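Visitor: Below you will find the structure I want to go over with you.
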Amino acid sequence: MTEAIKIINISKTYHQRKANDVVALGDIYLSIEEGSFFGLIGPNGAGKSTLIKLITGLSCQDRGTISINGFDTIKQYQIARQMVGVSLQEHSFDPYLTVEEELYLTGGYFGKNKAYLSMKIPEIIKLFVLEDKRKTATDKLSGGMKRRLAIAKALIHEPKILILDEPTAGLDVQLRHELWEILEKLNKQGTTILLTTHYLEEVEHLCDEVAIIDRGKIIHTAKNHKVDLQENSKLEKLFLELVKNDQSDTL
Ligand SMILES: Nc1ncnc2c1ncn2[C@@H]1O[C@H](COP(=O)(O)OP(=O)(O)OP(=O)(O)O)[C@@H](O)[C@H]1O
Ligand SMILES: [Mg+2]
């Protein structure tokens, strides 16, 4: 088994000036196999986005190590970062740039040359149905369009690993299904995908492995047998039971 993402004994506490410290993650171990489609689910505030920020080197853990295809996210940040495309829950764009310019900027950040980008950008704009908005300033996009642009940016350098924090929040039904198709295709072509979502049917439909995180701890990991959307959600039942039991420990 080759591990695309390996997380060993990670802890992260946020220290705040005016409020109490928040232990966002404690003693996390997680292995995500190369080529897998991995779903990370958990209630609000469970630590999902924090974990994603640590994996992508946007924040630093207090303890433990994370490696991407064997490269340490802190000591070998540049190589590790190059292998990952990420769409964060709160995306930010330069409001003075158009959709197309924003994509050029991101491509440049990953060292892609103009010839590559002038081929890749129209392709990706088409894939995410943003042709009409090519010359539109990023701050003039609707919420769903911003989400699409954020995912497009994550894919611009054709990363081996794609990490998406709530990618379908705010997407209309048709686009959600189109995005699922795009992600399934990428995964079949070999891209490892880590996804967080509050839509459990999304995980049941797409993912082959799932982890449930609650209050900074992984409380369950399992293989997921992909199901049709029509079936009743077994994962939702399991999720509600596990989270309820976990929280009743201290509440
Ligand atoms: N920059 C920060 N400073 C202080 N506390 C933070 C910061 N970012 C997150 N937290 C806290 O860390 C905990 C985990 O937050 P995180 O954003 O990782 O949760 P999440 O699982 O992504 O939740 P959601 O489903 O709402 O997106 C929460 O208690 C949150 O308030
Ligand atoms: Mg989050």
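By convention here, the chains of the structure tokens are called A, B, ... in the order presented, each chain's residues are numbered starting at 1, and ligands are numbered starting at 1 in the order presented.
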Which residues in region 45-155 of chain A does DSSP call helix (DSSP H, G or I)? List them as a PyMOL selection string.

Guide: chain A and resi 48-55+77-82+99-109+114-127+131-133+138-140+143-155

Visitor: I'd like the neighbourhood of Lys185 (chain A) as a list in words, where a residue qualifies if any of its atoms comes within 12 Å (using only C-alpha atoms), though same-chain residues fewer than 6 positions away should be ignored.

Guide: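 Returned residues: Gly35, Phe37, Glu178, Leu179, Thr191, Thr192, Ile193 and Leu206 of chain A.
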
Visitor: Dump as JSON lines the rows for residues of chain A within 7 Å of ligand 2: closest atom pair and distance in Å with one decimal, only C-alpha atoms and all ligand atoms counted, ordered by chain and rising residue number.

Guide:
```
{"residue": "A:Asn44", "atom": "CA", "partner": "ligand 2", "partner_atom_place_in_ligand_line": "1 (Mg)", "distance": 6.9}
{"residue": "A:Gly45", "atom": "CA", "partner": "ligand 2", "partner_atom_place_in_ligand_line": "1 (Mg)", "distance": 6.8}
{"residue": "A:Gly47", "atom": "CA", "partner": "ligand 2", "partner_atom_place_in_ligand_line": "1 (Mg)", "distance": 6.9}
{"residue": "A:Lys48", "atom": "CA", "partner": "ligand 2", "partner_atom_place_in_ligand_line": "1 (Mg)", "distance": 5.4}
{"residue": "A:Ser49", "atom": "CA", "partner": "ligand 2", "partner_atom_place_in_ligand_line": "1 (Mg)", "distance": 4.1}
{"residue": "A:Gln89", "atom": "CA", "partner": "ligand 2", "partner_atom_place_in_ligand_line": "1 (Mg)", "distance": 6.0}
{"residue": "A:Asp165", "atom": "CA", "partner": "ligand 2", "partner_atom_place_in_ligand_line": "1 (Mg)", "distance": 6.7}
```

Visitor: Write out as a list in words each polymer residue whose atoms come within 10 Å of Ala222 (chain A), counting only C-alpha atoms; drop sequence neighbours fewer than 6 positions from it.

Guide: Asp208, Glu209, Val210, Ala211 and Ile212 of chain A

Visitor: Looking at A:Ser11, A:Thr50, A:Ser31, A:Ser92, which one is nearest to ligand 1, with distances taken over only C-alpha atoms and all ligand atoms?

Guide: A:Thr50

Visitor: DSSP says strand (DSSP E) for which residues of region 20-239 of chain A? Put them as a PDB file with N, CA and C atoms, in the first residue's frame?

Guide:
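Final output, saved to result-v3.pdb:
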```pdb
ATOM      1  N   VAL A  22      -8.336  26.676  22.293  1.00  0.00           N
ATOM      2  CA  VAL A  22      -9.207  25.654  21.698  1.00  0.00           C
ATOM      3  C   VAL A  22      -8.338  24.499  21.219  1.00  0.00           C
ATOM      4  N   VAL A  23      -8.606  23.315  21.786  1.00  0.00           N
ATOM      5  CA  VAL A  23      -7.900  22.120  21.293  1.00  0.00           C
ATOM      6  C   VAL A  23      -8.675  21.645  20.065  1.00  0.00           C
ATOM      7  N   ALA A  24      -8.155  21.976  18.888  1.00  0.00           N
ATOM      8  CA  ALA A  24      -8.886  21.666  17.652  1.00  0.00           C
ATOM      9  C   ALA A  24      -8.659  20.231  17.218  1.00  0.00           C
ATOM     10  N   LEU A  25      -7.453  19.703  17.453  1.00  0.00           N
ATOM     11  CA  LEU A  25      -7.146  18.323  17.060  1.00  0.00           C
ATOM     12  C   LEU A  25      -6.269  17.693  18.138  1.00  0.00           C
ATOM     13  N   GLY A  26      -6.542  16.422  18.450  1.00  0.00           N
ATOM     14  CA  GLY A  26      -5.710  15.731  19.438  1.00  0.00           C
ATOM     15  C   GLY A  26      -5.413  14.304  19.013  1.00  0.00           C
ATOM     16  N   ASP A  27      -4.134  13.995  18.916  1.00  0.00           N
ATOM     17  CA  ASP A  27      -3.669  12.610  18.648  1.00  0.00           C
ATOM     18  C   ASP A  27      -4.310  11.967  17.423  1.00  0.00           C
ATOM     19  N   ILE A  28      -4.237  12.675  16.325  1.00  0.00           N
ATOM     20  CA  ILE A  28      -4.854  12.145  15.098  1.00  0.00           C
ATOM     21  C   ILE A  28      -3.868  11.253  14.345  1.00  0.00           C
ATOM     22  N   TYR A  29      -4.327  10.061  13.998  1.00  0.00           N
ATOM     23  CA  TYR A  29      -3.599   9.160  13.092  1.00  0.00           C
ATOM     24  C   TYR A  29      -4.535   8.885  11.917  1.00  0.00           C
ATOM     25  N   LEU A  30      -4.013   9.021  10.705  1.00  0.00           N
ATOM     26  CA  LEU A  30      -4.857   8.742   9.541  1.00  0.00           C
ATOM     27  C   LEU A  30      -3.968   8.405   8.355  1.00  0.00           C
ATOM     28  N   SER A  31      -4.355   7.374   7.623  1.00  0.00           N
ATOM     29  CA  SER A  31      -3.627   7.021   6.400  1.00  0.00           C
ATOM     30  C   SER A  31      -4.589   7.053   5.241  1.00  0.00           C
ATOM     31  N   ILE A  32      -4.213   7.762   4.208  1.00  0.00           N
ATOM     32  CA  ILE A  32      -5.067   7.803   3.024  1.00  0.00           C
ATOM     33  C   ILE A  32      -4.275   7.210   1.867  1.00  0.00           C
ATOM     34  N   GLU A  33      -4.781   6.099   1.371  1.00  0.00           N
ATOM     35  CA  GLU A  33      -4.070   5.371   0.315  1.00  0.00           C
ATOM     36  C   GLU A  33      -4.077   6.110  -1.003  1.00  0.00           C
ATOM     37  N   PHE A  37     -10.650   7.515  -2.619  1.00  0.00           N
ATOM     38  CA  PHE A  37     -11.588   8.647  -2.564  1.00  0.00           C
ATOM     39  C   PHE A  37     -12.077   8.643  -1.122  1.00  0.00           C
ATOM     40  N   PHE A  38     -11.557   9.577  -0.323  1.00  0.00           N
ATOM     41  CA  PHE A  38     -11.699   9.519   1.125  1.00  0.00           C
ATOM     42  C   PHE A  38     -12.628  10.621   1.620  1.00  0.00           C
ATOM     43  N   GLY A  39     -13.606  10.239   2.418  1.00  0.00           N
ATOM     44  CA  GLY A  39     -14.536  11.225   2.962  1.00  0.00           C
ATOM     45  C   GLY A  39     -14.257  11.471   4.434  1.00  0.00           C
ATOM     46  N   LEU A  40     -14.128  12.743   4.805  1.00  0.00           N
ATOM     47  CA  LEU A  40     -13.929  13.105   6.213  1.00  0.00           C
ATOM     48  C   LEU A  40     -15.173  13.868   6.655  1.00  0.00           C
ATOM     49  N   ILE A  41     -15.891  13.280   7.609  1.00  0.00           N
ATOM     50  CA  ILE A  41     -17.132  13.932   8.026  1.00  0.00           C
ATOM     51  C   ILE A  41     -17.119  14.163   9.529  1.00  0.00           C
ATOM     52  N   ARG A  63       2.270  19.172  17.338  1.00  0.00           N
ATOM     53  CA  ARG A  63       2.987  17.910  17.521  1.00  0.00           C
ATOM     54  C   ARG A  63       2.643  16.976  16.373  1.00  0.00           C
ATOM     55  N   GLY A  64       3.535  16.037  16.075  1.00  0.00           N
ATOM     56  CA  GLY A  64       3.255  15.014  15.069  1.00  0.00           C
ATOM     57  C   GLY A  64       3.756  15.388  13.685  1.00  0.00           C
ATOM     58  N   THR A  65       3.596  14.449  12.765  1.00  0.00           N
ATOM     59  CA  THR A  65       4.073  14.694  11.392  1.00  0.00           C
ATOM     60  C   THR A  65       2.988  14.330  10.380  1.00  0.00           C
ATOM     61  N   ILE A  66       3.072  15.041   9.257  1.00  0.00           N
ATOM     62  CA  ILE A  66       2.185  14.735   8.124  1.00  0.00           C
ATOM     63  C   ILE A  66       3.079  14.607   6.902  1.00  0.00           C
ATOM     64  N   SER A  67       2.874  13.545   6.130  1.00  0.00           N
ATOM     65  CA  SER A  67       3.627  13.471   4.875  1.00  0.00           C
ATOM     66  C   SER A  67       2.697  13.251   3.697  1.00  0.00           C
ATOM     67  N   ILE A  68       3.130  13.840   2.581  1.00  0.00           N
ATOM     68  CA  ILE A  68       2.397  13.746   1.316  1.00  0.00           C
ATOM     69  C   ILE A  68       3.293  12.961   0.377  1.00  0.00           C
ATOM     70  N   PHE A  71       6.679  13.004   1.559  1.00  0.00           N
ATOM     71  CA  PHE A  71       7.363  14.281   1.810  1.00  0.00           C
ATOM     72  C   PHE A  71       6.718  15.002   3.003  1.00  0.00           C
ATOM     73  N   ASP A  72       7.556  15.431   3.922  1.00  0.00           N
ATOM     74  CA  ASP A  72       7.075  16.072   5.147  1.00  0.00           C
ATOM     75  C   ASP A  72       6.502  17.467   4.833  1.00  0.00           C
ATOM     76  N   VAL A  84      -0.285  18.796  -4.122  1.00  0.00           N
ATOM     77  CA  VAL A  84      -1.667  18.900  -3.650  1.00  0.00           C
ATOM     78  C   VAL A  84      -2.395  20.082  -4.285  1.00  0.00           C
ATOM     79  N   GLY A  85      -3.650  19.838  -4.642  1.00  0.00           N
ATOM     80  CA  GLY A  85      -4.541  20.939  -5.014  1.00  0.00           C
ATOM     81  C   GLY A  85      -5.571  21.046  -3.920  1.00  0.00           C
ATOM     82  N   VAL A  86      -5.843  22.268  -3.454  1.00  0.00           N
ATOM     83  CA  VAL A  86      -6.792  22.397  -2.343  1.00  0.00           C
ATOM     84  C   VAL A  86      -7.822  23.486  -2.612  1.00  0.00           C
ATOM     85  N   SER A  87      -9.046  23.174  -2.250  1.00  0.00           N
ATOM     86  CA  SER A  87     -10.095  24.187  -2.260  1.00  0.00           C
ATOM     87  C   SER A  87     -10.585  24.309  -0.820  1.00  0.00           C
ATOM     88  N   ILE A 161      -2.996  14.778  -5.742  1.00  0.00           N
ATOM     89  CA  ILE A 161      -3.909  14.691  -4.595  1.00  0.00           C
ATOM     90  C   ILE A 161      -4.792  15.933  -4.576  1.00  0.00           C
ATOM     91  N   LEU A 162      -6.078  15.716  -4.451  1.00  0.00           N
ATOM     92  CA  LEU A 162      -7.020  16.828  -4.445  1.00  0.00           C
ATOM     93  C   LEU A 162      -7.752  16.846  -3.108  1.00  0.00           C
ATOM     94  N   ILE A 163      -7.727  18.015  -2.447  1.00  0.00           N
ATOM     95  CA  ILE A 163      -8.376  18.127  -1.137  1.00  0.00           C
ATOM     96  C   ILE A 163      -9.456  19.198  -1.218  1.00  0.00           C
ATOM     97  N   LEU A 164     -10.666  18.806  -0.914  1.00  0.00           N
ATOM     98  CA  LEU A 164     -11.790  19.718  -1.097  1.00  0.00           C
ATOM     99  C   LEU A 164     -12.580  19.847   0.203  1.00  0.00           C
ATOM    100  N   ASP A 165     -12.607  21.061   0.745  1.00  0.00           N
ATOM    101  CA  ASP A 165     -13.325  21.306   1.998  1.00  0.00           C
ATOM    102  C   ASP A 165     -14.725  21.823   1.668  1.00  0.00           C
ATOM    103  N   THR A 192      -5.921  10.994  -6.053  1.00  0.00           N
ATOM    104  CA  THR A 192      -6.408  10.703  -4.704  1.00  0.00           C
ATOM    105  C   THR A 192      -7.264  11.896  -4.270  1.00  0.00           C
ATOM    106  N   ILE A 193      -8.417  11.634  -3.714  1.00  0.00           N
ATOM    107  CA  ILE A 193      -9.296  12.750  -3.318  1.00  0.00           C
ATOM    108  C   ILE A 193      -9.669  12.633  -1.839  1.00  0.00           C
ATOM    109  N   LEU A 194      -9.488  13.754  -1.134  1.00  0.00           N
ATOM    110  CA  LEU A 194      -9.959  13.865   0.252  1.00  0.00           C
ATOM    111  C   LEU A 194     -11.021  14.952   0.270  1.00  0.00           C
ATOM    112  N   LEU A 195     -12.181  14.587   0.764  1.00  0.00           N
ATOM    113  CA  LEU A 195     -13.318  15.500   0.688  1.00  0.00           C
ATOM    114  C   LEU A 195     -13.997  15.620   2.047  1.00  0.00           C
ATOM    115  N   THR A 196     -14.374  16.830   2.429  1.00  0.00           N
ATOM    116  CA  THR A 196     -15.236  16.973   3.606  1.00  0.00           C
ATOM    117  C   THR A 196     -16.599  17.445   3.122  1.00  0.00           C
ATOM    118  N   GLU A 209     -13.699   5.189   1.283  1.00  0.00           N
ATOM    119  CA  GLU A 209     -13.319   5.103   2.694  1.00  0.00           C
ATOM    120  C   GLU A 209     -13.830   6.356   3.398  1.00  0.00           C
ATOM    121  N   VAL A 210     -14.156   6.203   4.673  1.00  0.00           N
ATOM    122  CA  VAL A 210     -14.706   7.349   5.390  1.00  0.00           C
ATOM    123  C   VAL A 210     -14.158   7.382   6.818  1.00  0.00           C
ATOM    124  N   ALA A 211     -13.916   8.610   7.303  1.00  0.00           N
ATOM    125  CA  ALA A 211     -13.531   8.782   8.707  1.00  0.00           C
ATOM    126  C   ALA A 211     -14.485   9.785   9.332  1.00  0.00           C
ATOM    127  N   ILE A 212     -14.880   9.497  10.564  1.00  0.00           N
ATOM    128  CA  ILE A 212     -15.737  10.442  11.291  1.00  0.00           C
ATOM    129  C   ILE A 212     -14.875  11.101  12.356  1.00  0.00           C
ATOM    130  N   ILE A 213     -14.894  12.421  12.369  1.00  0.00           N
ATOM    131  CA  ILE A 213     -14.118  13.182  13.349  1.00  0.00           C
ATOM    132  C   ILE A 213     -15.104  13.940  14.234  1.00  0.00           C
ATOM    133  N   ASP A 214     -14.812  13.957  15.530  1.00  0.00           N
ATOM    134  CA  ASP A 214     -15.668  14.701  16.449  1.00  0.00           C
ATOM    135  C   ASP A 214     -14.799  15.291  17.546  1.00  0.00           C
ATOM    136  N   LYS A 217     -11.088  14.482  17.418  1.00  0.00           N
ATOM    137  CA  LYS A 217     -10.600  13.086  17.441  1.00  0.00           C
ATOM    138  C   LYS A 217     -11.301  12.278  16.361  1.00  0.00           C
ATOM    139  N   ILE A 218     -10.534  11.353  15.764  1.00  0.00           N
ATOM    140  CA  ILE A 218     -11.162  10.438  14.805  1.00  0.00           C
ATOM    141  C   ILE A 218     -11.879   9.362  15.624  1.00  0.00           C
ATOM    142  N   ILE A 219     -13.206   9.308  15.469  1.00  0.00           N
ATOM    143  CA  ILE A 219     -13.948   8.341  16.302  1.00  0.00           C
ATOM    144  C   ILE A 219     -14.346   7.094  15.513  1.00  0.00           C
ATOM    145  N   HIS A 220     -14.133   7.113  14.209  1.00  0.00           N
ATOM    146  CA  HIS A 220     -14.509   5.932  13.420  1.00  0.00           C
ATOM    147  C   HIS A 220     -13.876   6.028  12.034  1.00  0.00           C
ATOM    148  N   THR A 221     -13.338   4.914  11.545  1.00  0.00           N
ATOM    149  CA  THR A 221     -12.936   4.869  10.124  1.00  0.00           C
ATOM    150  C   THR A 221     -13.490   3.567   9.551  1.00  0.00           C
ATOM    151  N   ALA A 222     -13.873   3.602   8.305  1.00  0.00           N
ATOM    152  CA  ALA A 222     -14.444   2.392   7.696  1.00  0.00           C
ATOM    153  C   ALA A 222     -14.338   2.460   6.192  1.00  0.00           C
ATOM    154  N   LYS A 223     -14.325   1.293   5.582  1.00  0.00           N
ATOM    155  CA  LYS A 223     -14.480   1.218   4.130  1.00  0.00           C
ATOM    156  C   LYS A 223     -15.929   1.556   3.841  1.00  0.00           C
TER     157      LYS A 223
END
```

Visitor: In Å, with one decimal, what is the gap from CA of Lys126 (chain A) to CA of Met83 (chain A)?

Guide: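 Computed distance, CA of Lys126 (chain A) to CA of Met83 (chain A), equals 23.5 Å.
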
Visitor: Identify which of the residues A:Thr197, A:Thr2, A:Ser248, A:Asn187 lies closest to ligand 1, counting only C-alpha atoms and all ligand atoms when measuring atom-to-atom distances.

Guide: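 Among the listed residues, A:Thr197 lies closest to ligand 1.
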
Visitor: Go through A:Glu236, A:Asp62, A:Glu241, A:Glu34 one by one, measure the shortest atom-to-atom distance of each to Lys188 (chain A) using only C-alpha atoms, and give the residue with the smallest value.

Guide: A:Glu34

Visitor: So what do you get for CA of Pro95 (chain A) versus CA of Leu130 (chain A), distance-wise?

Guide: 16.6 Å

Visitor: Between A:Thr168, A:Thr56, A:Asn224, A:Asn20, which has the minimum distance to ligand 1 (counting only C-alpha atoms and all ligand atoms)?

Guide: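 Among A:Thr168, A:Thr56, A:Asn224, A:Asn20, it is A:Asn20 that comes nearest to ligand 1.
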